[in-house]
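Here's the structure, in structure tokens; my notes come after.
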Amino acid sequence: VVDGVPGAPISSMNDIESIVVLKDAASAAIYGAQSGAGGVVLVTTKKAKQGAPSLTYDGTFGIRQATNLIEPLNAEQQIEMRKISHQNAGLSLPVGWDVTKNPWIGTTRTDWMDEIFRTAVSTNHQLTISNGSDKAKSLFSLGYTNNQGTQIHSFFKQYSVRANTEYSLIKDRLKVGENLAISYLQYKSQWETFLAMIMPPMVPVYDVNGNWAGPAGLDDFDNPVRKMTMGKDNINNYVKIIGNVFADLNIWNGISARTQFGINYGNSYSRTVD
């Protein structure tokens, strides 16, 4: 529960002011069946402080690499594996896999694992503007996250906007305000490790004319780089808007009443072209 709204997104850990965990009867008494067996985590985001206006920037940069990858067979090992597997099955070796009849297969041209994996770069940026006085406080932040995946053409991007305001009225007995968080996500996943493992290493990524190459005369393999590149624009999109408006009245000697109304809206869409 973020700022009183269940399921509200948090664009950055820098937005968090405090975290409180309610368990068992305490969470059930306030949130009922929504609390579940594990209780409720209450997150309060940062609000503007009284004082001069401030401008804050937070940014991170990092890289990621896949490790312990399977080392694919080279051309010589692939041919030997084919010979042994056909002999064990009591079958004759296909002409395409016979290096004496098809010497083209005797040369290693591509490490397919190297072709589909990359060093991924991750960046995160957040700009926050806040202003506060004894009667009014406001905070506005913009966030941008871009995390590349370790396979080519995979990524996760997030654009976020967060705003909150609070006003003190009637000699500070009444507080009214709002919290609003908007997130727009784009992501593309790739899972072509298996194709890269089984693709013959003698096949190049491109043919001599610059077109996508394939294992003609061998088996029915699919060029993983072609598949990943051709589908790179099949992107998933998700929009999330969560916010609330509230009023908090200090009635008398520590007795207060609070009411709030919220919105929780989400919409997703994707593009798929084979």
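Here's how to read the names in the structure tokens: chain A, B, ... by the order shown, residue numbers from 1 in each chain, ligand numbers from 1 in the order shown.
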Give me, as JSON lines, the closest atom pair and its distance (Å, one decimal) for every residue of stretch 198-245 of chain A within a cut-off of 8 Å of stretch 58-74 of chain A, counting only C-alpha atoms, rows sorted by chain and rising number.
```
{"residue": "A:Ile198", "atom": "CA", "partner": "A:Pro72", "partner_atom": "CA", "distance": 7.9}
{"residue": "A:Pro201", "atom": "CA", "partner": "A:Asn74", "partner_atom": "CA", "distance": 5.9}
{"residue": "A:Met202", "atom": "CA", "partner": "A:Asn74", "partner_atom": "CA", "distance": 7.8}
```
Print the selection's residues with N, CA, C and O atoms to a file, as a compact mmCIF listing (two decimals), in the first residue's frame.
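Printed below is again-v9.txt as written:
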```
# COMPACT_ATOMS: atom_id res chain seq x y z
N ILE A 198 21.75 -24.96 -30.92
CA ILE A 198 21.64 -26.03 -31.92
C ILE A 198 21.94 -25.57 -33.34
O ILE A 198 22.08 -26.39 -34.24
N PRO A 201 27.42 -24.25 -36.52
CA PRO A 201 28.40 -23.15 -36.49
C PRO A 201 29.00 -22.83 -37.85
O PRO A 201 29.64 -21.79 -38.01
N MET A 202 28.81 -23.71 -38.83
CA MET A 202 29.34 -23.42 -40.16
C MET A 202 28.47 -22.44 -40.95
O MET A 202 28.86 -21.93 -41.99
```
Please report, as a Markdown table, each residue of stretch 198-266 of chain A lying at most 10 Å from stretch 166-181 of chain A, together with the nearest pair of atoms and the separation in Å rounded to one decimal; use only C-alpha atoms, and order rows by chain and ascending residue number.
```
| residue | atom | partner | partner_atom | distance |
| --- | --- | --- | --- | --- |
| A:Lys240 | CA | A:Ala181 | CA | 8.0 |
| A:Ile241 | CA | A:Ala181 | CA | 5.9 |
| A:Ile242 | CA | A:Ala181 | CA | 5.4 |
| A:Gly243 | CA | A:Leu180 | CA | 4.1 |
| A:Asn244 | CA | A:Asn179 | CA | 5.4 |
| A:Val245 | CA | A:Glu178 | CA | 4.2 |
| A:Phe246 | CA | A:Gly177 | CA | 5.6 |
| A:Ala247 | CA | A:Val176 | CA | 4.4 |
| A:Asp248 | CA | A:Lys175 | CA | 5.1 |
| A:Leu249 | CA | A:Leu174 | CA | 4.6 |
| A:Asn250 | CA | A:Arg173 | CA | 5.0 |
| A:Ile251 | CA | A:Arg173 | CA | 7.4 |
| A:Trp252 | CA | A:Arg173 | CA | 9.0 |
| A:Ser256 | CA | A:Arg173 | CA | 9.2 |
| A:Ala257 | CA | A:Leu174 | CA | 9.7 |
| A:Arg258 | CA | A:Lys175 | CA | 9.3 |
| A:Thr259 | CA | A:Val176 | CA | 9.7 |
| A:Gln260 | CA | A:Glu178 | CA | 9.1 |
| A:Phe261 | CA | A:Glu178 | CA | 9.5 |
| A:Gly262 | CA | A:Asn179 | CA | 9.1 |
| A:Ile263 | CA | A:Leu180 | CA | 9.2 |
| A:Asn264 | CA | A:Ala181 | CA | 9.9 |
```
At most 12 Å is the cut-off: for each residue in stretch 91-126 of chain A with any atom that close to an atom of stretch 216-220 of chain A, write down the nearest atom pair and the distance in Å rounded to one decimal, counting only C-alpha atoms, chain first then increasing number, as a tab-separated table.
```
residue	atom	partner	partner_atom	distance
A:Leu93	CA	A:Leu218	CA	11.1
A:Pro94	CA	A:Leu218	CA	8.2
A:Val95	CA	A:Gly217	CA	8.2
A:Gly96	CA	A:Gly217	CA	5.3
A:Trp97	CA	A:Leu218	CA	6.6
A:Asp98	CA	A:Leu218	CA	10.0
A:Val99	CA	A:Leu218	CA	11.7
A:Lys101	CA	A:Gly217	CA	11.8
A:Asn102	CA	A:Gly217	CA	9.4
A:Trp104	CA	A:Gly217	CA	10.8
A:Ile105	CA	A:Leu218	CA	9.3
```
Within 6 Å of stretch 122-134 of chain A using only C-alpha atoms, minus same-chain residues under 2 positions, as a VMD selection string
chain A and resid 48 to 51 53 to 63 136 to 148
One residue among A:Asn164, A:Gln78, A:Asn253, A:Thr119 is nearest to A:Asp3 when using only C-alpha atoms, and that residue is A:Asn164
Excluding A:Arg271 and its own-chain neighbours fewer than 4 positions away, which residues fall within 10 Å of it when counting only C-alpha atoms? Please give them as a VMD selection string.
chain A and resid 231 233 to 237
Atomic separation - atom CA of A:Lys188 relative to atom CA of A:Ala163, Å:
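Interatomic distance here is 28.3 Å.
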Counting only C-alpha atoms, which residue out of A:Pro6, A:Gly149, A:Pro103, A:Pro224 sits closest to A:Ile116?
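Nearest to A:Ile116: A:Pro224.
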Determine, counting only C-alpha atoms, which protein, DNA and RNA residues have an atom within 9 Å of an atom of A:Tyr187; residues of the same chain fewer than 2 positions away are not included. Present the result as a PyMOL selection string.
chain A and resi 154-158+185+189+235-238
Would you compute the distance between atom CA of A:Glu80 and atom CA of A:Val225? Give it in Å to one decimal.
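Between atom CA of A:Glu80 and atom CA of A:Val225 the gap is 25.3 Å.
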Looking at A:Arg162, A:Ala8, A:Lys227, A:Val1, which one is nearest to A:Gly266, with distances taken over only C-alpha atoms?
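Closest candidate: A:Ala8.
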Taking the backbone alone, and naming residues the way the document does, which bits of stretch 67-227 of chain A are alpha helix (DSSP H) by DSSP, as a VMD selection string?
chain A and resid 75 to 88 112 to 116 193 to 198 224 to 227
Nearest residue to A:Ile152 from the set A:Gln77, A:Thr229, A:Thr100, A:Ser18 (distances using only C-alpha atoms):
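Once distances to A:Ile152 are computed over only C-alpha atoms, the minimum belongs to A:Thr229.
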